[in-house]
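J.: Dropping a structure here in structure tokens format, bear with me for questions.
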Amino acid sequence: MATIKTLAEFITERQHEFTYATGELSQLLTSFRLAGKMVNREVNKAGLAEDIIGAAGQENVQGEQQQKLDVYANDLFIRLLRSQGMVCAVASEENDDIVHFDNGGKYVVTMDPLDGSSNIDVNVSIGTIFSIYRRVSTGDKATMADFMQPGTAQVAAGYIIYGSSTMLVYTTGHGVNGFTLDPSIGTFCLSHPNMTTPADGKIYSVNEGNYYDFSEGVRSYIDGCKKQKMSARYIGSLVADFHRNLMKGGIYMYPGTQKAPKGKLRLLYEANPLAMIVEQAGGKATDGTTRILDITPTELHQRCPLFIGSGNMVDAAVKN
Ligand code: AHM
Ligand code: MG
């Protein structure tokens with residue numbers, strides 16, 4: 001019989017790969033593991049909570065106000081990270097400013113607690129994306145400098161996909177591993193060891209509604225995808241589109257336009273963590289001219305164009 005390895009066991013086993021103190025990674029990832037399970041539970045009952053229980057008066061059975069799922073997820077991740085003590089501050093897509101914990105923790109976290117928000121209410125896959133950095137400032141409080149580190153400084157990055165099954169995928173810079181939640185026992189188990197992405201693929205993912213706003217180079221790449229009869233697949237949840245392409249081979253693009261030259265996606269919460277994962281899996285990520293991981297951020301909610309996925313496809317997409 002095949003052996004079963006839980007995420008907790010796996011993290012402990014691989015602790016030596018983590019550059020900093022043994023045990024720290026395991027504590028850091030525990031918050032995401034736990035929060036992921038709790039968000040998963042909420043996501044799965046979202047329809048019930050909103051339409052059935054909520055219809056009775058917008059309060060749940062405990063008499064609590066129904067919270068929007070992205071707010072719920074944000075609060076939950078922050079609560080767990082705060083109580084766990086390794087992290088001194090968090091930058092979240094949901095908060096305007098840095099959230100400080102004032103606990104002397106040696107790490108900072110950036111996260112998009114629930115990505116794909118337009119899909120939450122319509123039963124389509126959504127995800128959580130996170131990055132962990134070693135703190136570089138030395139004062140009482142974390143500073144902007146801790147968050148303005150390039151993606152190459154990430155010590156770990158991961159995502160959780162709440163899909164037909166729930167998976168947690170992460171890297172510490174020593175390959176990518178994926179864990180599927182067994183809901184019957186509430187445990188993430190290693191299901192996708194050493195994930196790699198094909199150098200080429202047949203899938204292109206882009207919001208083609210924006211086609212006429214893209215540069216000539218991007219349009220001609222998309223035209224080429226069609227001529228080659230590639231498959232167009234666009235869920236509109238970055239984590240889900242990314243995950244599928246990682247597994248099957250493909251490219252995800254969110255290019256800039258004349259009106260929005262930096263596109264829509266955020267460098268700290270979306271592009272950097274997925275860029276670290278894709279590179280660890282053998283793929284590439286660029287903003288069209290610069291490797292994503294080499295960009296030094298200048299603001300928390302900075303946006304950047306994103307071309308990410310199978311290496312040869314990313315090269316071809318940004319060639320012109
Ligand atoms: P969000 O962080 O507000 O959810 O926005 C990010 C999402 C990505 O998950 C997705 O790939 C993209 O926005 C879709 O945008 P669009 O609807 O413009 O194609
Ligand atoms: Mg997002």
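Chain identifiers are assigned as A, B, and so on, following the order in which chains appear in the structure tokens; residues are numbered from 1 within each chain, and ligands are numbered from 1 in order of appearance.
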Neighbouring residues of region 143-147 of chain A were defined as those with any atom within 8 Å, considering only C-alpha atoms; residues of the same chain fewer than 5 positions away were excluded. Please report them as a PyMOL selection string.
T.: chain A and resi 91+108+110+133-137+297+300
J.: Could you turn the residues from that selection into a file that holds N, CA and C atoms, as a compact mmCIF listing (two decimals), in the first residue's frame?
T.:
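Writing done, so here's result.txt:
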```
# COMPACT_ATOMS: atom_id res chain seq x y z
N ALA A 91 1.38 42.40 4.92
CA ALA A 91 0.79 43.29 3.92
C ALA A 91 -0.20 42.45 3.13
N VAL A 108 8.13 38.69 7.66
CA VAL A 108 6.93 39.42 7.24
C VAL A 108 6.25 38.60 6.15
N THR A 110 3.35 38.64 2.87
CA THR A 110 2.44 39.35 1.96
C THR A 110 1.43 38.32 1.47
N TYR A 133 8.90 36.59 3.76
CA TYR A 133 10.22 37.22 3.66
C TYR A 133 10.84 37.30 5.04
N ARG A 134 12.17 37.25 5.08
CA ARG A 134 12.89 37.51 6.30
C ARG A 134 12.89 39.02 6.51
N ARG A 135 12.64 39.44 7.71
CA ARG A 135 12.63 40.86 8.00
C ARG A 135 14.05 41.44 7.87
N VAL A 136 14.18 42.65 7.27
CA VAL A 136 15.51 43.25 7.14
C VAL A 136 15.70 44.45 8.07
N SER A 137 14.62 45.04 8.55
CA SER A 137 14.76 46.19 9.45
C SER A 137 15.05 45.69 10.86
N PRO A 297 10.26 46.36 -5.57
CA PRO A 297 9.00 47.10 -5.42
C PRO A 297 9.24 48.50 -4.86
N LEU A 300 3.44 49.21 -1.82
CA LEU A 300 2.80 47.97 -1.38
C LEU A 300 1.89 47.36 -2.43
```
J.: Could you list, as a list in words, all protein and nucleic acid residues with an atom at most 7 Å from ligand 1, counting only C-alpha atoms and all ligand atoms?
T.: Asp112, Leu114, Asp115, Gly116, Ser117, Ser118, Asn207, Gly236, Ser237, Leu238, Val239, Lys264 and Leu265 of chain A
J.: Which one is closest to ligand 2: A:Met313, A:Val218, A:Ile120, A:Val155? Count only C-alpha atoms and all ligand atoms.
T.: A:Ile120
J.: What parts of region 50-161 of chain A does DSSP call helix (DSSP H, G or I)? I'd like the answer as number ranges by chain.
T.: A: 50-56, 69-84, 117-122, 144-147, 151-153
J.: How would the residues just chosen look if you wrote them out with N, CA and C atoms as a short mmCIF file (atom, residue, chain, number, x, y, z; two decimals), in the first residue's frame?
T.:
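Contents of again-v3.cif, freshly written:
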```cif
data_model
loop_
_atom_site.label_atom_id
_atom_site.label_comp_id
_atom_site.auth_asym_id
_atom_site.auth_seq_id
_atom_site.Cartn_x
_atom_site.Cartn_y
_atom_site.Cartn_z
N GLU A 50 -24.97 32.42 2.49
CA GLU A 50 -25.47 33.65 1.88
C GLU A 50 -26.97 33.57 1.59
N ASP A 51 -27.35 32.47 0.92
CA ASP A 51 -28.69 32.45 0.35
C ASP A 51 -29.75 31.90 1.28
N ILE A 52 -29.38 30.93 2.10
CA ILE A 52 -30.40 30.30 2.93
C ILE A 52 -30.41 30.92 4.32
N ILE A 53 -29.27 30.82 4.99
CA ILE A 53 -29.24 31.36 6.35
C ILE A 53 -29.34 32.89 6.29
N GLY A 54 -28.56 33.47 5.38
CA GLY A 54 -28.51 34.93 5.27
C GLY A 54 -29.87 35.52 4.95
N ALA A 55 -30.68 34.78 4.15
CA ALA A 55 -31.97 35.31 3.72
C ALA A 55 -32.89 35.56 4.92
N ALA A 56 -32.64 34.83 6.01
CA ALA A 56 -33.50 34.99 7.18
C ALA A 56 -33.25 36.31 7.90
N LEU A 69 -16.70 36.72 2.22
CA LEU A 69 -15.67 35.69 2.36
C LEU A 69 -14.24 36.23 2.29
N ASP A 70 -14.03 37.25 1.43
CA ASP A 70 -12.65 37.74 1.35
C ASP A 70 -12.25 38.47 2.63
N VAL A 71 -13.21 39.13 3.26
CA VAL A 71 -12.92 39.80 4.54
C VAL A 71 -12.71 38.75 5.62
N TYR A 72 -13.56 37.72 5.60
CA TYR A 72 -13.42 36.62 6.56
C TYR A 72 -12.03 36.00 6.45
N ALA A 73 -11.62 35.69 5.21
CA ALA A 73 -10.32 35.04 5.01
C ALA A 73 -9.19 35.94 5.47
N ASN A 74 -9.28 37.22 5.14
CA ASN A 74 -8.24 38.16 5.54
C ASN A 74 -8.10 38.21 7.06
N ASP A 75 -9.23 38.36 7.74
CA ASP A 75 -9.20 38.44 9.20
C ASP A 75 -8.62 37.16 9.81
N LEU A 76 -9.00 36.05 9.22
CA LEU A 76 -8.56 34.76 9.76
C LEU A 76 -7.06 34.57 9.61
N PHE A 77 -6.54 34.81 8.41
CA PHE A 77 -5.09 34.66 8.20
C PHE A 77 -4.33 35.59 9.15
N ILE A 78 -4.81 36.83 9.27
CA ILE A 78 -4.11 37.79 10.12
C ILE A 78 -4.17 37.34 11.59
N ARG A 79 -5.32 36.86 12.00
CA ARG A 79 -5.46 36.40 13.39
C ARG A 79 -4.49 35.26 13.68
N LEU A 80 -4.44 34.29 12.77
CA LEU A 80 -3.58 33.12 13.01
C LEU A 80 -2.10 33.50 12.96
N LEU A 81 -1.74 34.37 12.01
CA LEU A 81 -0.33 34.77 11.91
C LEU A 81 0.07 35.57 13.16
N ARG A 82 -0.84 36.39 13.63
CA ARG A 82 -0.56 37.20 14.81
C ARG A 82 -0.32 36.30 16.04
N SER A 83 -1.18 35.29 16.18
CA SER A 83 -1.09 34.49 17.41
C SER A 83 0.09 33.53 17.37
N GLN A 84 0.63 33.30 16.18
CA GLN A 84 1.68 32.29 16.06
C GLN A 84 3.07 32.85 16.34
N SER A 117 -11.93 37.24 -6.54
CA SER A 117 -13.12 37.61 -5.77
C SER A 117 -14.40 37.62 -6.60
N SER A 118 -14.28 37.91 -7.90
CA SER A 118 -15.51 37.94 -8.71
C SER A 118 -16.10 36.54 -8.87
N ASN A 119 -15.33 35.52 -8.53
CA ASN A 119 -15.83 34.14 -8.68
C ASN A 119 -16.40 33.56 -7.39
N ILE A 120 -16.28 34.31 -6.30
CA ILE A 120 -16.70 33.76 -5.00
C ILE A 120 -18.18 33.39 -5.01
N ASP A 121 -18.99 34.29 -5.53
CA ASP A 121 -20.44 34.10 -5.44
C ASP A 121 -21.02 33.16 -6.49
N VAL A 122 -20.17 32.69 -7.39
CA VAL A 122 -20.73 31.89 -8.50
C VAL A 122 -20.13 30.48 -8.56
N MET A 144 8.62 49.74 5.76
CA MET A 144 8.38 49.49 4.34
C MET A 144 9.53 48.70 3.72
N ALA A 145 10.75 48.93 4.22
CA ALA A 145 11.92 48.25 3.64
C ALA A 145 11.74 46.72 3.70
N ASP A 146 11.05 46.23 4.71
CA ASP A 146 10.83 44.79 4.83
C ASP A 146 9.97 44.25 3.70
N PHE A 147 9.11 45.13 3.19
CA PHE A 147 8.18 44.69 2.13
C PHE A 147 8.67 45.07 0.73
N GLY A 151 11.47 39.86 -5.27
CA GLY A 151 10.95 38.49 -5.12
C GLY A 151 12.03 37.46 -4.88
N THR A 152 13.24 37.75 -5.32
CA THR A 152 14.34 36.80 -5.08
C THR A 152 14.59 36.61 -3.58
N ALA A 153 14.12 37.54 -2.76
CA ALA A 153 14.37 37.44 -1.32
C ALA A 153 13.29 36.61 -0.60
#
```
J.: Please provide as an NGL selection string all residues within 8 Å of Phe101 (chain A), with the sequence filter that same-chain residues fewer than 3 positions apart are discarded (counting only C-alpha atoms).
T.: :A and (82 or 87-89)
J.: I'd like the neighbourhood of Gly36 (chain A) as a PDB file with C-alpha atoms, in the first residue's frame, where a residue qualifies if any of its atoms comes within 12 Å (using only C-alpha atoms), though same-chain residues fewer than 2 positions away should be ignored.
T.:
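Once written, result28.pdb looks like this:
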```
ATOM      1  CA  LEU A  29       3.428  27.288   7.483  1.00  0.00           C
ATOM      2  CA  THR A  30       1.145  26.083  10.262  1.00  0.00           C
ATOM      3  CA  SER A  31      -0.878  29.286  10.063  1.00  0.00           C
ATOM      4  CA  PHE A  32      -1.472  28.815   6.352  1.00  0.00           C
ATOM      5  CA  ARG A  33      -2.265  25.145   6.754  1.00  0.00           C
ATOM      6  CA  LEU A  34      -4.824  25.831   9.435  1.00  0.00           C
ATOM      7  CA  MET A  38     -10.928  27.000   7.795  1.00  0.00           C
ATOM      8  CA  VAL A  39     -11.357  29.072   4.646  1.00  0.00           C
ATOM      9  CA  ASN A  40     -12.077  25.878   2.759  1.00  0.00           C
ATOM     10  CA  ARG A  41     -14.885  25.108   5.188  1.00  0.00           C
ATOM     11  CA  GLU A  42     -16.376  28.584   4.710  1.00  0.00           C
ATOM     12  CA  VAL A  43     -15.992  28.485   0.926  1.00  0.00           C
ATOM     13  CA  TYR A  72     -13.421  36.623   6.559  1.00  0.00           C
ATOM     14  CA  ALA A  73     -10.324  35.036   5.006  1.00  0.00           C
ATOM     15  CA  ASN A  74      -8.235  38.159   5.537  1.00  0.00           C
ATOM     16  CA  LEU A  76      -8.563  34.758   9.755  1.00  0.00           C
ATOM     17  CA  PHE A  77      -5.091  34.664   8.205  1.00  0.00           C
ATOM     18  CA  LEU A  80      -3.577  33.124  13.010  1.00  0.00           C
ATOM     19  CA  PRO A 113      -6.230  36.040   1.193  1.00  0.00           C
ATOM     20  CA  LEU A 114      -8.941  35.265  -1.357  1.00  0.00           C
ATOM     21  CA  ILE A 126     -10.763  30.689  -5.940  1.00  0.00           C
ATOM     22  CA  GLY A 127      -7.464  30.755  -4.077  1.00  0.00           C
ATOM     23  CA  THR A 128      -5.132  32.164  -1.454  1.00  0.00           C
ATOM     24  CA  ILE A 129      -1.632  33.351  -2.389  1.00  0.00           C
ATOM     25  CA  PHE A 130       1.174  34.051   0.094  1.00  0.00           C
ATOM     26  CA  GLY A 158       2.636  29.201  -1.783  1.00  0.00           C
ATOM     27  CA  TYR A 159      -0.976  29.092  -2.787  1.00  0.00           C
ATOM     28  CA  ILE A 160      -4.113  27.299  -1.746  1.00  0.00           C
ATOM     29  CA  ILE A 161      -6.678  26.470  -4.395  1.00  0.00           C
ATOM     30  CA  TYR A 162     -10.266  25.918  -3.311  1.00  0.00           C
ATOM     31  CA  THR A 166      -8.539  21.847  -2.068  1.00  0.00           C
ATOM     32  CA  MET A 167      -4.789  21.897  -2.490  1.00  0.00           C
ATOM     33  CA  LEU A 168      -1.889  23.680  -0.839  1.00  0.00           C
ATOM     34  CA  VAL A 169       1.216  24.104  -3.005  1.00  0.00           C
ATOM     35  CA  PHE A 179      -0.818  18.608  -0.894  1.00  0.00           C
ATOM     36  CA  THR A 180      -4.475  17.740  -1.273  1.00  0.00           C
ATOM     37  CA  LEU A 181      -6.902  18.171   1.589  1.00  0.00           C
ATOM     38  CA  PRO A 183     -11.846  16.488   3.942  1.00  0.00           C
ATOM     39  CA  GLY A 186      -9.187  17.340   7.665  1.00  0.00           C
ATOM     40  CA  THR A 187      -5.564  16.778   6.679  1.00  0.00           C
ATOM     41  CA  PHE A 188      -3.436  17.927   3.748  1.00  0.00           C
TER      42      PHE A 188
END
```
